[in-house]
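Trainee: Just dropping this structure here.
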Amino acid sequence: MESSVLLPLLVLGFIHQVQTGQLEVACSRIPIMAQVSSHVVLECQVIPTMDLRDKEIRWTKDQTLVHLYRFRQDENDQQDPRFKGRTQLFKDQFQVGNVSLKLHGVELSDVGSYNCFVEVAPDNNHDSSVQLKVTSVGELPSINLYRYTSSGIELVCETQQWFPAPTVNWSDERKRTLPQVPQDIGRNSKGFFQVRSIVEVTADSGNSYSCQVQNTVINQNLTAEFYVPDEFFPWVSKWVTGFVLILLLLIGVVIGLFLFFRNLQMHIKNLEKRPTAKEYEELQREQRSLEDKLGTLHKDLGEIRILPKMAIKRIKRVAVSVTLNLEAAHPNLDVSPDLTIVSHVRQGIPAESSKGFGSISAVLGKEGFSSGRHFWEVEVERNSEWDLGVALDKTARQGEIPLSPDNGFWTIGCHEKEFRVNNSTNVQISIKPWVQEKIQVIGIYVNYSEGKVLFYDTETNSHLHTFEKCPFKGMILFPFFHLPKKGVSLKICKVAPSA
């Protein structure tokens with residue numbers, strides 16, 4: 001509805017007025033309905049009529065900025081990104097008090113209450129609200145043959161991009177309503193409804209069928225028609241049916257007799273090959289040994305938790321480039337020129353350093369994280385000793401520091417050929433030696449907002465451990481690398497984000 005009809009609506013009383021002092025800001029009392037992808041005018045009028053070209057006009061939704069006009073121009077630097085380039089005021093009608101807002105390209109997310117605020121002077125401002133409802137008439141439905149039944153054919157009608165959920169009605173060529181199975185209604189990622197309806201038809205109900213999908217809010221519908229030739233309906237005489245049943249019964253009897261005599265012959269041959277008592281005892285021992293091995297393999301397999309391929313793909317989408325911070329490195333460590341390899345090359349603990357770690361041979365990553373999701377991979381040496389994960393930047397770096405979440409460390413480690421979680425329990429990670437021997441690259445995934453740090457083996461996609469609900473909020477996390485023994489090296493792998 002265009003703004004030119006606003007004044008008649010005011011006269012007829014279809015608006016909601018908010019009175020403060022001598023000035024009134026009036027918006028439509030009746031919720032405004034708009035279709036997706038169309039444009040809509042959110043009507044608002046200042047009464048009595050006055051020139052608003054030098055005033056401030058602000059439209060908001062849920063305390064977010066939709067449009068701002070002041071100093072004789074639009075100032076939308078702080079505008080909510082959802083409304084970027086989609087809003088417009090009728091500046092040529094400011095002289096008659098029209099402050100309506102035109103919204104282009106209506107989306108489902110636009111539904112809600114919009115507030116119109118007019119500031120006449122610093123101590124004289126007024127506002128009013130208007131409700132916007134959004135609807136959508138979806139795609140033309142399509143009808144297809146679904147499957148054959150014992151008495152007829154099932155037809156399926158499908159359509160999508162509707163809002164709210166539509167109703168579906170089937171009818172035959174005589175305009176009679178047909179019973180249908182419960183509709184399958186779902187929603188896509190953008191909030192639109194998709195409908196799937198199935199109906200069974202027979203030769204008695206005719207050849208032509210229609211599927212009508214209706215948006216009950218605005219009373220609009222779309223209809224699709226489908227013609228089923230007579231040849232498509234199943235038809236078999238009773239005599240043929242009886243003959244087929246008898247034939248199938250005879251075939252079953254013949255097959256049963258054949259299988260019976262074949263099994264009897266095989267049983268006789270097996271009796272001839274029956275083992276001696278000594279051979280039987282040996283077979284029993286071999287069977288028990290195989291059962292024990294099978295039980296062990298099942299137990300080992302149950303302890304391996306494989307991450308789904310889709311989860312791995314989502315994790316690798318947030319791969320980042322991690323480098324080492326020389327200033328946060330223990331003096332016993334050497335860092336490669338490209339800042340991706342760290343090695344423990346010297347013995348002894350040097351004097352305490354104000355920048356790096358003083359008593360543990362560790363180094364932090366150069367890049368810190370205070371939000372978002374991040375993933376990187378670290379190559380480790382087999383059977384070496386190390387600790388990997390993340391640490392808070394404010395973590396104390398002097399003195400003996402237990403690597404635990406209480407001290408700002410969320411790490412796992414390998415010590416004396418055992419993988420362990422570095423926390424108050426120091427529990428061993430359930431992983432079998434034959435799997436451990438293959439581990440060379442550890443994947444580390446951080447979800448800052450969920451407070452999650454996940455570790456897994458990139459070769460087998462075996463889950464190692466996950467720290468949940470970590471108190472990261474307001475803190476800066478850094479990748480953490482600990483090499484407790486001389487001769488150990490760790491390498492940061494280059495990982496390209498997956499598509």
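Each chain in the structure tokens gets a letter, A, B and so on, in the order shown; residues start at 1 in every chain, and ligands are counted from 1 in the order they appear.
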Hey, what's within 12 Å of stretch 60-76 of chain A if we count only C-alpha atoms and toss same-chain stuff fewer than 4 positions away? As a PDB file with N, CA, C and O atoms, in the first residue's frame, please?
Mentor:
```
ATOM      1  N   LEU A  42       5.380   0.872   5.249  1.00  0.00           N
ATOM      2  CA  LEU A  42       4.987   0.935   6.651  1.00  0.00           C
ATOM      3  C   LEU A  42       4.547   2.377   6.933  1.00  0.00           C
ATOM      4  O   LEU A  42       5.372   3.280   7.037  1.00  0.00           O
ATOM      5  N   ASP A  51       6.561  20.556   8.556  1.00  0.00           N
ATOM      6  CA  ASP A  51       7.729  20.298   7.713  1.00  0.00           C
ATOM      7  C   ASP A  51       8.784  19.549   8.539  1.00  0.00           C
ATOM      8  O   ASP A  51       9.258  20.053   9.562  1.00  0.00           O
ATOM      9  N   LEU A  52       9.145  18.324   8.086  1.00  0.00           N
ATOM     10  CA  LEU A  52      10.059  17.462   8.847  1.00  0.00           C
ATOM     11  C   LEU A  52      11.446  17.366   8.216  1.00  0.00           C
ATOM     12  O   LEU A  52      12.242  16.519   8.600  1.00  0.00           O
ATOM     13  N   ARG A  53      11.742  18.218   7.259  1.00  0.00           N
ATOM     14  CA  ARG A  53      13.023  18.090   6.550  1.00  0.00           C
ATOM     15  C   ARG A  53      14.221  18.319   7.457  1.00  0.00           C
ATOM     16  O   ARG A  53      15.309  17.797   7.205  1.00  0.00           O
ATOM     17  N   ASP A  54      14.067  19.125   8.526  1.00  0.00           N
ATOM     18  CA  ASP A  54      15.187  19.403   9.433  1.00  0.00           C
ATOM     19  C   ASP A  54      15.101  18.577  10.718  1.00  0.00           C
ATOM     20  O   ASP A  54      15.873  18.817  11.655  1.00  0.00           O
ATOM     21  N   LYS A  55      14.192  17.594  10.766  1.00  0.00           N
ATOM     22  CA  LYS A  55      14.021  16.806  11.987  1.00  0.00           C
ATOM     23  C   LYS A  55      14.743  15.456  11.869  1.00  0.00           C
ATOM     24  O   LYS A  55      15.210  15.086  10.789  1.00  0.00           O
ATOM     25  N   GLU A  56      14.785  14.745  12.984  1.00  0.00           N
ATOM     26  CA  GLU A  56      15.369  13.392  12.991  1.00  0.00           C
ATOM     27  C   GLU A  56      14.246  12.358  12.934  1.00  0.00           C
ATOM     28  O   GLU A  56      13.300  12.404  13.724  1.00  0.00           O
ATOM     29  N   ASP A  80      21.214  -1.982  10.459  1.00  0.00           N
ATOM     30  CA  ASP A  80      21.289  -3.444  10.532  1.00  0.00           C
ATOM     31  C   ASP A  80      21.570  -3.995   9.127  1.00  0.00           C
ATOM     32  O   ASP A  80      20.885  -3.623   8.171  1.00  0.00           O
ATOM     33  N   PRO A  81      22.589  -4.872   8.974  1.00  0.00           N
ATOM     34  CA  PRO A  81      22.941  -5.390   7.631  1.00  0.00           C
ATOM     35  C   PRO A  81      21.768  -6.035   6.903  1.00  0.00           C
ATOM     36  O   PRO A  81      21.744  -6.074   5.677  1.00  0.00           O
ATOM     37  N   ARG A  82      20.770  -6.555   7.635  1.00  0.00           N
ATOM     38  CA  ARG A  82      19.630  -7.201   6.967  1.00  0.00           C
ATOM     39  C   ARG A  82      18.816  -6.221   6.126  1.00  0.00           C
ATOM     40  O   ARG A  82      18.107  -6.634   5.203  1.00  0.00           O
ATOM     41  N   PHE A  83      18.905  -4.900   6.466  1.00  0.00           N
ATOM     42  CA  PHE A  83      18.099  -3.905   5.748  1.00  0.00           C
ATOM     43  C   PHE A  83      18.946  -3.054   4.805  1.00  0.00           C
ATOM     44  O   PHE A  83      18.452  -2.071   4.261  1.00  0.00           O
ATOM     45  N   LYS A  84      20.214  -3.407   4.596  1.00  0.00           N
ATOM     46  CA  LYS A  84      21.116  -2.606   3.765  1.00  0.00           C
ATOM     47  C   LYS A  84      20.558  -2.475   2.348  1.00  0.00           C
ATOM     48  O   LYS A  84      20.283  -3.467   1.664  1.00  0.00           O
ATOM     49  N   GLY A  85      20.355  -1.251   1.895  1.00  0.00           N
ATOM     50  CA  GLY A  85      19.914  -0.991   0.531  1.00  0.00           C
ATOM     51  C   GLY A  85      18.459  -1.346   0.264  1.00  0.00           C
ATOM     52  O   GLY A  85      18.035  -1.388  -0.887  1.00  0.00           O
ATOM     53  N   ARG A  86      17.669  -1.600   1.326  1.00  0.00           N
ATOM     54  CA  ARG A  86      16.290  -2.041   1.130  1.00  0.00           C
ATOM     55  C   ARG A  86      15.261  -1.053   1.674  1.00  0.00           C
ATOM     56  O   ARG A  86      14.061  -1.331   1.605  1.00  0.00           O
ATOM     57  N   THR A  87      15.700   0.061   2.259  1.00  0.00           N
ATOM     58  CA  THR A  87      14.759   0.989   2.895  1.00  0.00           C
ATOM     59  C   THR A  87      14.766   2.341   2.191  1.00  0.00           C
ATOM     60  O   THR A  87      15.767   2.756   1.601  1.00  0.00           O
ATOM     61  N   GLN A  88      13.627   3.045   2.285  1.00  0.00           N
ATOM     62  CA  GLN A  88      13.494   4.339   1.599  1.00  0.00           C
ATOM     63  C   GLN A  88      12.418   5.167   2.306  1.00  0.00           C
ATOM     64  O   GLN A  88      11.350   4.645   2.649  1.00  0.00           O
ATOM     65  N   LEU A  89      12.697   6.445   2.543  1.00  0.00           N
ATOM     66  CA  LEU A  89      11.716   7.385   3.072  1.00  0.00           C
ATOM     67  C   LEU A  89      11.176   8.254   1.931  1.00  0.00           C
ATOM     68  O   LEU A  89      11.852   8.466   0.909  1.00  0.00           O
ATOM     69  N   PHE A  90       9.960   8.777   2.104  1.00  0.00           N
ATOM     70  CA  PHE A  90       9.339   9.627   1.096  1.00  0.00           C
ATOM     71  C   PHE A  90       9.688  11.086   1.415  1.00  0.00           C
ATOM     72  O   PHE A  90       8.866  11.842   1.966  1.00  0.00           O
ATOM     73  N   LYS A  91      10.922  11.473   1.081  1.00  0.00           N
ATOM     74  CA  LYS A  91      11.421  12.798   1.457  1.00  0.00           C
ATOM     75  C   LYS A  91      10.628  13.925   0.800  1.00  0.00           C
ATOM     76  O   LYS A  91      10.533  15.028   1.366  1.00  0.00           O
ATOM     77  N   ASP A  92      10.035  13.661  -0.360  1.00  0.00           N
ATOM     78  CA  ASP A  92       9.271  14.714  -1.026  1.00  0.00           C
ATOM     79  C   ASP A  92       7.944  14.978  -0.325  1.00  0.00           C
ATOM     80  O   ASP A  92       7.242  15.940  -0.657  1.00  0.00           O
ATOM     81  N   PHE A  94       7.879  15.013   3.217  1.00  0.00           N
ATOM     82  CA  PHE A  94       8.186  15.449   4.586  1.00  0.00           C
ATOM     83  C   PHE A  94       7.418  16.735   4.947  1.00  0.00           C
ATOM     84  O   PHE A  94       7.069  16.970   6.098  1.00  0.00           O
ATOM     85  N   VAL A  99       6.057  10.309   7.225  1.00  0.00           N
ATOM     86  CA  VAL A  99       7.340   9.682   7.577  1.00  0.00           C
ATOM     87  C   VAL A  99       7.277   8.177   7.345  1.00  0.00           C
ATOM     88  O   VAL A  99       7.961   7.398   8.001  1.00  0.00           O
ATOM     89  N   SER A 100       6.438   7.737   6.415  1.00  0.00           N
ATOM     90  CA  SER A 100       6.309   6.304   6.115  1.00  0.00           C
ATOM     91  C   SER A 100       7.625   5.755   5.575  1.00  0.00           C
ATOM     92  O   SER A 100       8.417   6.469   4.966  1.00  0.00           O
ATOM     93  N   LEU A 101       7.816   4.439   5.777  1.00  0.00           N
ATOM     94  CA  LEU A 101       9.034   3.745   5.338  1.00  0.00           C
ATOM     95  C   LEU A 101       8.662   2.710   4.281  1.00  0.00           C
ATOM     96  O   LEU A 101       7.751   1.899   4.478  1.00  0.00           O
ATOM     97  N   LYS A 102       9.389   2.735   3.155  1.00  0.00           N
ATOM     98  CA  LYS A 102       9.182   1.743   2.106  1.00  0.00           C
ATOM     99  C   LYS A 102      10.279   0.688   2.224  1.00  0.00           C
ATOM    100  O   LYS A 102      11.466   1.015   2.243  1.00  0.00           O
ATOM    101  N   LEU A 103       9.868  -0.585   2.308  1.00  0.00           N
ATOM    102  CA  LEU A 103      10.801  -1.704   2.471  1.00  0.00           C
ATOM    103  C   LEU A 103      10.765  -2.553   1.210  1.00  0.00           C
ATOM    104  O   LEU A 103       9.722  -3.081   0.829  1.00  0.00           O
ATOM    105  N   SER A 109      12.290 -12.977   7.431  1.00  0.00           N
ATOM    106  CA  SER A 109      12.844 -12.450   8.678  1.00  0.00           C
ATOM    107  C   SER A 109      12.377 -11.028   8.975  1.00  0.00           C
ATOM    108  O   SER A 109      12.610 -10.521  10.072  1.00  0.00           O
ATOM    109  N   ASP A 110      11.695 -10.370   8.032  1.00  0.00           N
ATOM    110  CA  ASP A 110      11.242  -8.999   8.252  1.00  0.00           C
ATOM    111  C   ASP A 110      10.007  -8.918   9.143  1.00  0.00           C
ATOM    112  O   ASP A 110       9.632  -7.826   9.587  1.00  0.00           O
ATOM    113  N   VAL A 111       9.359 -10.054   9.418  1.00  0.00           N
ATOM    114  CA  VAL A 111       8.142 -10.020  10.213  1.00  0.00           C
ATOM    115  C   VAL A 111       8.433  -9.477  11.613  1.00  0.00           C
ATOM    116  O   VAL A 111       9.475  -9.728  12.187  1.00  0.00           O
ATOM    117  N   GLY A 112       7.503  -8.671  12.149  1.00  0.00           N
ATOM    118  CA  GLY A 112       7.697  -8.134  13.495  1.00  0.00           C
ATOM    119  C   GLY A 112       7.133  -6.737  13.647  1.00  0.00           C
ATOM    120  O   GLY A 112       6.409  -6.212  12.786  1.00  0.00           O
ATOM    121  N   SER A 113       7.490  -6.095  14.758  1.00  0.00           N
ATOM    122  CA  SER A 113       7.004  -4.750  15.088  1.00  0.00           C
ATOM    123  C   SER A 113       8.063  -3.708  14.740  1.00  0.00           C
ATOM    124  O   SER A 113       9.223  -3.844  15.135  1.00  0.00           O
ATOM    125  N   TYR A 114       7.658  -2.662  14.008  1.00  0.00           N
ATOM    126  CA  TYR A 114       8.555  -1.588  13.604  1.00  0.00           C
ATOM    127  C   TYR A 114       8.134  -0.303  14.326  1.00  0.00           C
ATOM    128  O   TYR A 114       6.945   0.038  14.372  1.00  0.00           O
ATOM    129  N   ASN A 115       9.129   0.400  14.860  1.00  0.00           N
ATOM    130  CA  ASN A 115       8.871   1.627  15.618  1.00  0.00           C
ATOM    131  C   ASN A 115       9.321   2.844  14.818  1.00  0.00           C
ATOM    132  O   ASN A 115      10.445   2.882  14.313  1.00  0.00           O
ATOM    133  N   CYS A 116       8.425   3.816  14.697  1.00  0.00           N
ATOM    134  CA  CYS A 116       8.719   5.081  14.003  1.00  0.00           C
ATOM    135  C   CYS A 116       8.934   6.163  15.063  1.00  0.00           C
ATOM    136  O   CYS A 116       8.033   6.465  15.842  1.00  0.00           O
ATOM    137  N   PHE A 117      10.134   6.746  15.104  1.00  0.00           N
ATOM    138  CA  PHE A 117      10.507   7.745  16.096  1.00  0.00           C
ATOM    139  C   PHE A 117      10.793   9.071  15.384  1.00  0.00           C
ATOM    140  O   PHE A 117      11.549   9.112  14.409  1.00  0.00           O
ATOM    141  N   VAL A 118      10.161  10.144  15.865  1.00  0.00           N
ATOM    142  CA  VAL A 118      10.360  11.477  15.283  1.00  0.00           C
ATOM    143  C   VAL A 118      10.814  12.412  16.399  1.00  0.00           C
ATOM    144  O   VAL A 118      10.128  12.557  17.419  1.00  0.00           O
ATOM    145  N   GLU A 119      11.987  13.036  16.202  1.00  0.00           N
ATOM    146  CA  GLU A 119      12.506  13.996  17.183  1.00  0.00           C
ATOM    147  C   GLU A 119      12.369  15.408  16.604  1.00  0.00           C
ATOM    148  O   GLU A 119      13.079  15.789  15.669  1.00  0.00           O
ATOM    149  N   VAL A 120      11.439  16.168  17.173  1.00  0.00           N
ATOM    150  CA  VAL A 120      11.225  17.543  16.732  1.00  0.00           C
ATOM    151  C   VAL A 120      12.253  18.467  17.343  1.00  0.00           C
ATOM    152  O   VAL A 120      12.767  19.384  16.700  1.00  0.00           O
ATOM    153  N   ALA A 121      12.589  18.234  18.607  1.00  0.00           N
ATOM    154  CA  ALA A 121      13.594  19.011  19.350  1.00  0.00           C
ATOM    155  C   ALA A 121      14.222  18.059  20.360  1.00  0.00           C
ATOM    156  O   ALA A 121      13.684  16.976  20.621  1.00  0.00           O
ATOM    157  N   ASP A 127       6.844   8.714  19.154  1.00  0.00           N
ATOM    158  CA  ASP A 127       6.993   7.499  18.357  1.00  0.00           C
ATOM    159  C   ASP A 127       5.688   6.723  18.352  1.00  0.00           C
ATOM    160  O   ASP A 127       4.778   6.979  19.134  1.00  0.00           O
ATOM    161  N   SER A 128       5.605   5.755  17.433  1.00  0.00           N
ATOM    162  CA  SER A 128       4.468   4.849  17.314  1.00  0.00           C
ATOM    163  C   SER A 128       4.960   3.590  16.596  1.00  0.00           C
ATOM    164  O   SER A 128       6.036   3.606  15.990  1.00  0.00           O
ATOM    165  N   SER A 129       4.167   2.514  16.667  1.00  0.00           N
ATOM    166  CA  SER A 129       4.593   1.235  16.108  1.00  0.00           C
ATOM    167  C   SER A 129       3.573   0.699  15.120  1.00  0.00           C
ATOM    168  O   SER A 129       2.384   1.019  15.194  1.00  0.00           O
ATOM    169  N   VAL A 130       4.065  -0.145  14.213  1.00  0.00           N
ATOM    170  CA  VAL A 130       3.216  -0.814  13.238  1.00  0.00           C
ATOM    171  C   VAL A 130       3.709  -2.256  13.092  1.00  0.00           C
ATOM    172  O   VAL A 130       4.915  -2.516  13.129  1.00  0.00           O
ATOM    173  N   GLN A 131       2.774  -3.195  12.936  1.00  0.00           N
ATOM    174  CA  GLN A 131       3.106  -4.607  12.803  1.00  0.00           C
ATOM    175  C   GLN A 131       3.180  -4.993  11.331  1.00  0.00           C
ATOM    176  O   GLN A 131       2.320  -4.601  10.540  1.00  0.00           O
ATOM    177  N   LEU A 132       4.225  -5.784  10.989  1.00  0.00           N
ATOM    178  CA  LEU A 132       4.370  -6.297   9.617  1.00  0.00           C
ATOM    179  C   LEU A 132       4.275  -7.816   9.656  1.00  0.00           C
ATOM    180  O   LEU A 132       4.975  -8.475  10.427  1.00  0.00           O
TER     181      LEU A 132
END
```
Trainee: Any idea what's packed within 8 Å of A:Phe233, counting only C-alpha atoms, ignoring anything in its chain fewer than 2 positions away? Could you give it as a VMD selection string?
Mentor: chain A and resid 152 to 153 202 to 203 229 to 231 235
Trainee: Write the residues of the preceding selection, restricted to N, CA, C and O atoms, as a PDB file, in the first residue's frame.
Mentor:
```pdb
ATOM      1  N   GLY A 152      -4.702 -49.942  -7.056  1.00  0.00           N
ATOM      2  CA  GLY A 152      -4.623 -48.775  -7.924  1.00  0.00           C
ATOM      3  C   GLY A 152      -3.233 -48.179  -7.977  1.00  0.00           C
ATOM      4  O   GLY A 152      -2.226 -48.889  -7.976  1.00  0.00           O
ATOM      5  N   ILE A 153      -3.192 -46.840  -8.004  1.00  0.00           N
ATOM      6  CA  ILE A 153      -1.935 -46.102  -8.151  1.00  0.00           C
ATOM      7  C   ILE A 153      -1.904 -44.997  -7.104  1.00  0.00           C
ATOM      8  O   ILE A 153      -2.934 -44.386  -6.801  1.00  0.00           O
ATOM      9  N   THR A 202      -7.980 -45.073  -8.144  1.00  0.00           N
ATOM     10  CA  THR A 202      -8.301 -46.313  -8.850  1.00  0.00           C
ATOM     11  C   THR A 202      -8.982 -45.984 -10.168  1.00  0.00           C
ATOM     12  O   THR A 202      -9.339 -44.831 -10.443  1.00  0.00           O
ATOM     13  N   ALA A 203      -9.216 -47.008 -10.960  1.00  0.00           N
ATOM     14  CA  ALA A 203      -9.871 -46.803 -12.253  1.00  0.00           C
ATOM     15  C   ALA A 203     -11.295 -46.285 -12.076  1.00  0.00           C
ATOM     16  O   ALA A 203     -11.829 -45.596 -12.946  1.00  0.00           O
ATOM     17  N   PRO A 229      -3.717 -42.449 -17.906  1.00  0.00           N
ATOM     18  CA  PRO A 229      -4.373 -43.285 -18.910  1.00  0.00           C
ATOM     19  C   PRO A 229      -4.893 -44.589 -18.288  1.00  0.00           C
ATOM     20  O   PRO A 229      -4.384 -45.068 -17.265  1.00  0.00           O
ATOM     21  N   ASP A 230      -5.920 -45.189 -18.920  1.00  0.00           N
ATOM     22  CA  ASP A 230      -6.490 -46.439 -18.417  1.00  0.00           C
ATOM     23  C   ASP A 230      -5.446 -47.545 -18.345  1.00  0.00           C
ATOM     24  O   ASP A 230      -5.507 -48.418 -17.470  1.00  0.00           O
ATOM     25  N   GLU A 231      -4.486 -47.515 -19.299  1.00  0.00           N
ATOM     26  CA  GLU A 231      -3.493 -48.579 -19.342  1.00  0.00           C
ATOM     27  C   GLU A 231      -2.612 -48.620 -18.096  1.00  0.00           C
ATOM     28  O   GLU A 231      -1.971 -49.631 -17.805  1.00  0.00           O
ATOM     29  N   TRP A 235      -4.946 -54.355 -13.836  1.00  0.00           N
ATOM     30  CA  TRP A 235      -6.150 -55.134 -14.107  1.00  0.00           C
ATOM     31  C   TRP A 235      -5.763 -56.575 -14.374  1.00  0.00           C
ATOM     32  O   TRP A 235      -4.991 -56.881 -15.281  1.00  0.00           O
TER      33      TRP A 235
END
```
Trainee: As an exercise, work out the distance from atom CA of A:Ser171 to atom CA of A:Asn188 in Å and give it to one decimal place.
Mentor: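 So the two atoms, atom CA of A:Ser171 and atom CA of A:Asn188, lie 27.9 Å apart.
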Trainee: Could you check the closest approach to A:Ser38 for each of A:Gly105, A:Gln93, A:Gly252, A:Leu23 and tell me which residue wins, using only C-alpha atoms?
Mentor: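 For A:Ser38, the nearest of the given residues is A:Gly105.
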Trainee: Using DSSP on the backbone coordinates, identify the residues of stretch 383-475 of chain A assigned to strand (DSSP E or B); present them as a PyMOL selection string.
Mentor: chain A and resi 386-392+409-415+418-422+428+441-447+452-457+462-467
Trainee: Extract the full set of alpha helix (DSSP H) residues from stretch 358-444 of chain A according to DSSP on the backbone, and format it as a ChimeraX atom specification.
Mentor: /A:433-436
Trainee: Report, in Å to a single decimal, how far apart atom CA of A:Gln347 and atom CA of A:Ile444 are.
Mentor: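 Computing it gives 28.7 Å between the two atoms.
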Trainee: Could you state the separation of atom CA of A:Asn423 and atom CA of A:Phe478 in Å, given to one decimal place?
Mentor: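 We find that atom CA of A:Asn423 and atom CA of A:Phe478 lie 18.0 Å from each other.
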Trainee: Looking at A:Cys414, A:Leu324, A:Ala319, A:Val137, which one is nearest to A:Glu437, with distances taken over only C-alpha atoms?
Mentor: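 With only C-alpha atoms as the atom set, the closest residue is A:Cys414.
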Trainee: Which residue is closest to A:Arg196? Choose from A:Glu173, A:Glu400, A:Glu158, A:Glu385 and count only C-alpha atoms.
Mentor: A:Glu158
